[in-house]
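The structure appears right after this line, and notes come after that.
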Amino acid sequence: MDNKSLARSPVRLGFAMCGSFCTFQPVLEQMERLASDYEIQPILSETAYTTDTRFGTAEHFRIQIEGYCNKKILHTVREVEPIGPKELLDLLLIAPCTGNTLAKLANGISDSPVTLAAKAHLRNSRPVVIAVSSNDALSANAKNLGQLLNTRHLFFVPFRQDDPKQKPASLVADMSRIPETISLALQDIQIQPLLVC
């Protein structure tokens, strides 16, 4: 066997983003960081793909994402469906994962590009990493969070209350911990501690 045959292919990372726009900047910093080590396939929810906000225009984010990944963004249910049958990914990251997506994942609803990507990927018993960003993670979504924390092949980026006084039910992942969470999830290990200050 020659050295080329022994060379390891890069891990195929699905990088799915939902519409928690206030976390886009730290998430995109991690996308740029991961791009040198992983083959990244970007996936955006309809909201993330089309919505202009005070944090930036949808077009600006799309250009930035495709620049980091060197791949076209998948943003429709039809585009992500082959992820399962064709085994296109080694790991799927959902960052940021909104409360809406959290609830859909917990209840088996796959009517968006991100949730269908997760369903399609999980059929292959491969890891999904979730970086939660939700204002109701400790209230209406607490049961969904609890259910997903106890679900096989799901791993969480460590999270914290981002503003306990003004938003006591809100949780946000420490996006800087995404790379090490992914690395451990590929070994079937949940990073610890899960709760950070």
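So you can find residues: chains in the structure tokens are A, B, ... in the order shown, residues in each start at 1, and ligands are numbered from 1 in order.
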Next on the checklist: From a backbone DSSP assignment, name each residue in segment 26-189 of chain A labelled strand (DSSP E or B), as a PyMOL selection string.
Outcome noted: chain A and resi 38-44+53+56+74+91-97+128-134+154-156+159-161+171-173
Residues from last step as file, C-alpha atoms, as a PDB file, in the first residue's frame:
```pdb
ATOM      1  CA  TYR A  38     -13.228  18.952   8.096  1.00  0.00           C
ATOM      2  CA  GLU A  39     -15.043  18.722   4.791  1.00  0.00           C
ATOM      3  CA  ILE A  40     -18.034  20.907   5.652  1.00  0.00           C
ATOM      4  CA  GLN A  41     -21.448  20.729   4.016  1.00  0.00           C
ATOM      5  CA  PRO A  42     -23.467  23.792   5.118  1.00  0.00           C
ATOM      6  CA  ILE A  43     -27.203  23.379   5.720  1.00  0.00           C
ATOM      7  CA  LEU A  44     -29.520  26.275   6.572  1.00  0.00           C
ATOM      8  CA  THR A  53     -31.944  41.007  10.645  1.00  0.00           C
ATOM      9  CA  GLY A  56     -26.755  41.117   9.027  1.00  0.00           C
ATOM     10  CA  LEU A  74     -28.365  22.976   1.204  1.00  0.00           C
ATOM     11  CA  LEU A  91     -21.326  13.861  11.839  1.00  0.00           C
ATOM     12  CA  LEU A  92     -24.063  16.494  11.799  1.00  0.00           C
ATOM     13  CA  LEU A  93     -23.702  19.660  13.870  1.00  0.00           C
ATOM     14  CA  ILE A  94     -26.750  21.856  14.540  1.00  0.00           C
ATOM     15  CA  ALA A  95     -25.455  25.256  15.643  1.00  0.00           C
ATOM     16  CA  PRO A  96     -27.316  27.275  16.626  1.00  0.00           C
ATOM     17  CA  CYS A  97     -30.210  24.957  17.450  1.00  0.00           C
ATOM     18  CA  VAL A 128     -25.543  14.583  15.860  1.00  0.00           C
ATOM     19  CA  VAL A 129     -24.083  17.442  17.926  1.00  0.00           C
ATOM     20  CA  ILE A 130     -26.471  20.122  19.188  1.00  0.00           C
ATOM     21  CA  ALA A 131     -25.466  23.650  20.220  1.00  0.00           C
ATOM     22  CA  VAL A 132     -28.634  24.950  21.822  1.00  0.00           C
ATOM     23  CA  SER A 133     -29.706  28.600  21.696  1.00  0.00           C
ATOM     24  CA  SER A 134     -33.221  29.057  23.040  1.00  0.00           C
ATOM     25  CA  LEU A 154     -27.154  12.932  20.260  1.00  0.00           C
ATOM     26  CA  PHE A 155     -24.414  14.986  21.900  1.00  0.00           C
ATOM     27  CA  PHE A 156     -24.592  18.494  23.336  1.00  0.00           C
ATOM     28  CA  PHE A 159     -24.379  25.322  27.681  1.00  0.00           C
ATOM     29  CA  ARG A 160     -25.250  27.955  30.256  1.00  0.00           C
ATOM     30  CA  GLN A 161     -27.913  30.479  31.158  1.00  0.00           C
ATOM     31  CA  LEU A 171     -29.865  28.692  27.481  1.00  0.00           C
ATOM     32  CA  VAL A 172     -27.029  29.169  25.025  1.00  0.00           C
ATOM     33  CA  ALA A 173     -24.194  26.828  24.134  1.00  0.00           C
TER      34      ALA A 173
END
```
Out of segment 116-190 of chain A, which residues get alpha helix (DSSP H) from DSSP, as an mmCIF file with C-alpha atoms, in the first residue's frame?
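Written out: selection.cif:
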```
data_model
loop_
_atom_site.group_PDB
_atom_site.id
_atom_site.type_symbol
_atom_site.label_atom_id
_atom_site.label_comp_id
_atom_site.auth_asym_id
_atom_site.auth_seq_id
_atom_site.Cartn_x
_atom_site.Cartn_y
_atom_site.Cartn_z
ATOM 1 C CA LEU A 116 -34.864 16.269 7.973
ATOM 2 C CA ALA A 117 -31.056 16.342 7.743
ATOM 3 C CA ALA A 118 -30.957 15.126 11.363
ATOM 4 C CA LYS A 119 -33.524 12.392 10.737
ATOM 5 C CA ALA A 120 -31.758 11.264 7.551
ATOM 6 C CA HIS A 121 -28.366 11.239 9.274
ATOM 7 C CA LEU A 122 -29.582 9.424 12.408
ATOM 8 C CA ALA A 142 -37.298 21.909 29.108
ATOM 9 C CA LYS A 143 -39.044 18.565 28.538
ATOM 10 C CA ASN A 144 -37.727 18.433 24.962
ATOM 11 C CA LEU A 145 -34.197 19.231 26.100
ATOM 12 C CA GLY A 146 -34.428 16.501 28.747
ATOM 13 C CA GLN A 147 -35.662 13.967 26.220
ATOM 14 C CA LEU A 148 -32.885 14.765 23.740
ATOM 15 C CA LEU A 149 -30.190 14.651 26.423
ATOM 16 C CA ILE A 178 -17.891 23.075 19.365
ATOM 17 C CA PRO A 179 -14.585 21.634 18.047
ATOM 18 C CA GLU A 180 -13.850 19.525 21.130
ATOM 19 C CA THR A 181 -17.486 18.410 21.408
ATOM 20 C CA ILE A 182 -17.335 17.176 17.811
ATOM 21 C CA SER A 183 -14.025 15.427 18.376
ATOM 22 C CA LEU A 184 -15.394 13.506 21.364
ATOM 23 C CA ALA A 185 -18.763 12.776 19.725
#
```
Next on the checklist: as a ChimeraX atom specification, please: the residues near Leu138 of chain A (cut-off 8 Å, only C-alpha atoms, same-chain neighbours under 5 positions excluded).
Outcome noted: /A:168-171
Since we have the selection now, will you write its residues out, keeping N, CA and C atoms, as a short mmCIF file (atom, residue, chain, number, x, y, z; two decimals), in the first residue's frame?
```cif
data_model
loop_
_atom_site.label_atom_id
_atom_site.label_comp_id
_atom_site.auth_asym_id
_atom_site.auth_seq_id
_atom_site.Cartn_x
_atom_site.Cartn_y
_atom_site.Cartn_z
N PRO A 168 -34.50 34.21 32.47
CA PRO A 168 -34.16 33.07 33.32
C PRO A 168 -34.38 31.70 32.69
N ALA A 169 -35.17 31.60 31.63
CA ALA A 169 -35.42 30.30 30.99
C ALA A 169 -34.52 30.07 29.78
N SER A 170 -33.63 31.01 29.50
CA SER A 170 -32.81 30.96 28.29
C SER A 170 -31.51 30.21 28.49
N LEU A 171 -31.15 29.39 27.50
CA LEU A 171 -29.87 28.69 27.48
C LEU A 171 -29.15 28.98 26.17
#
```
Checklist entry - So how many Å separate atom CA of Ile83 of chain A and atom CA of Pro10 of chain A, to one decimal? => result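 Those two atoms sit 17.0 Å apart.
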Item to check | Residue neighbourhood segment 28-30 of chain A, 12 Å, only C-alpha atoms, exclusion window fewer than 2 positions, as a ChimeraX atom specification | outcome: /A:15-17,21-26,32-38,40,42,61-69,93,95-96,131,174-182
Kindly save the residues from that selection, with N, CA and C atoms included, as a compact mmCIF listing (two decimals), in the first residue's frame.
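Once everything was written out, this is part_2.txt:
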```txt
# COMPACT_ATOMS: atom_id res chain seq x y z
N PHE A 15 -22.94 20.99 8.69
CA PHE A 15 -22.99 22.14 9.61
C PHE A 15 -24.32 22.84 9.37
N ALA A 16 -25.31 22.53 10.22
CA ALA A 16 -26.66 23.05 10.06
C ALA A 16 -26.89 24.24 10.98
N MET A 17 -27.47 25.29 10.42
CA MET A 17 -27.72 26.51 11.19
C MET A 17 -29.21 26.86 11.17
N PHE A 21 -30.17 34.32 15.29
CA PHE A 21 -29.21 35.21 14.61
C PHE A 21 -28.21 35.86 15.56
N CYS A 22 -28.58 36.03 16.82
CA CYS A 22 -27.67 36.66 17.77
C CYS A 22 -26.43 35.80 18.02
N THR A 23 -26.48 34.52 17.67
CA THR A 23 -25.32 33.64 17.87
C THR A 23 -24.55 33.37 16.58
N PHE A 24 -24.97 33.96 15.47
CA PHE A 24 -24.32 33.66 14.19
C PHE A 24 -22.83 33.98 14.21
N GLN A 25 -22.46 35.11 14.80
CA GLN A 25 -21.04 35.49 14.76
C GLN A 25 -20.14 34.46 15.45
N PRO A 26 -20.42 34.08 16.71
CA PRO A 26 -19.57 33.06 17.32
C PRO A 26 -19.65 31.70 16.63
N GLU A 32 -15.35 28.73 10.47
CA GLU A 32 -14.08 29.07 9.83
C GLU A 32 -12.94 28.24 10.41
N ARG A 33 -12.96 28.07 11.71
CA ARG A 33 -11.92 27.30 12.41
C ARG A 33 -11.94 25.82 11.98
N LEU A 34 -13.13 25.26 11.83
CA LEU A 34 -13.27 23.84 11.50
C LEU A 34 -12.98 23.54 10.03
N ALA A 35 -13.08 24.56 9.19
CA ALA A 35 -12.95 24.35 7.74
C ALA A 35 -11.61 23.77 7.32
N SER A 36 -10.56 23.99 8.12
CA SER A 36 -9.25 23.46 7.76
C SER A 36 -9.11 21.98 8.11
N ASP A 37 -9.97 21.46 8.99
CA ASP A 37 -9.85 20.08 9.44
C ASP A 37 -10.97 19.16 8.95
N TYR A 38 -12.07 19.74 8.50
CA TYR A 38 -13.23 18.95 8.10
C TYR A 38 -13.69 19.35 6.70
N ILE A 40 -16.77 20.40 5.10
CA ILE A 40 -18.03 20.91 5.65
C ILE A 40 -19.10 21.08 4.58
N PRO A 42 -22.55 22.91 4.39
CA PRO A 42 -23.47 23.79 5.12
C PRO A 42 -24.93 23.49 4.79
N PHE A 61 -24.56 36.52 5.01
CA PHE A 61 -24.24 35.27 5.71
C PHE A 61 -24.05 34.12 4.73
N ARG A 62 -24.89 34.07 3.68
CA ARG A 62 -24.75 32.99 2.69
C ARG A 62 -23.39 33.05 2.00
N ILE A 63 -22.96 34.24 1.62
CA ILE A 63 -21.66 34.41 0.96
C ILE A 63 -20.54 33.98 1.90
N GLN A 64 -20.63 34.41 3.16
CA GLN A 64 -19.61 34.07 4.16
C GLN A 64 -19.52 32.55 4.36
N ILE A 65 -20.67 31.91 4.51
CA ILE A 65 -20.72 30.47 4.76
C ILE A 65 -20.17 29.68 3.57
N GLU A 66 -20.60 30.02 2.38
CA GLU A 66 -20.12 29.29 1.20
C GLU A 66 -18.64 29.55 0.96
N GLY A 67 -18.16 30.71 1.38
CA GLY A 67 -16.73 31.00 1.29
C GLY A 67 -15.91 30.12 2.22
N TYR A 68 -16.38 29.93 3.44
CA TYR A 68 -15.67 29.08 4.40
C TYR A 68 -15.68 27.61 3.97
N CYS A 69 -16.83 27.16 3.44
CA CYS A 69 -17.03 25.73 3.20
C CYS A 69 -16.68 25.28 1.77
N LEU A 93 -23.67 18.64 12.82
CA LEU A 93 -23.70 19.66 13.87
C LEU A 93 -24.88 20.58 13.61
N ALA A 95 -25.94 24.11 14.87
CA ALA A 95 -25.45 25.26 15.64
C ALA A 95 -25.73 26.55 14.88
N PRO A 96 -26.54 27.42 15.39
CA PRO A 96 -27.32 27.28 16.63
C PRO A 96 -28.55 26.41 16.41
N ALA A 131 -25.88 22.45 19.48
CA ALA A 131 -25.47 23.65 20.22
C ALA A 131 -26.71 24.50 20.42
N ASP A 174 -21.88 27.21 24.66
CA ASP A 174 -20.59 27.87 24.56
C ASP A 174 -20.00 27.46 23.21
N MET A 175 -20.20 28.30 22.19
CA MET A 175 -19.84 27.93 20.83
C MET A 175 -18.35 27.65 20.66
N SER A 176 -17.52 28.20 21.53
CA SER A 176 -16.08 27.94 21.45
C SER A 176 -15.75 26.47 21.75
N ARG A 177 -16.72 25.74 22.34
CA ARG A 177 -16.50 24.33 22.69
C ARG A 177 -16.96 23.37 21.58
N ILE A 178 -17.42 23.93 20.47
CA ILE A 178 -17.89 23.08 19.37
C ILE A 178 -16.81 22.11 18.88
N PRO A 179 -15.58 22.57 18.59
CA PRO A 179 -14.59 21.63 18.05
C PRO A 179 -14.31 20.43 18.95
N GLU A 180 -14.15 20.66 20.25
CA GLU A 180 -13.85 19.53 21.13
C GLU A 180 -15.07 18.64 21.34
N THR A 181 -16.27 19.22 21.30
CA THR A 181 -17.49 18.41 21.41
C THR A 181 -17.60 17.48 20.21
N ILE A 182 -17.31 18.00 19.03
CA ILE A 182 -17.33 17.18 17.81
C ILE A 182 -16.31 16.05 17.90
```
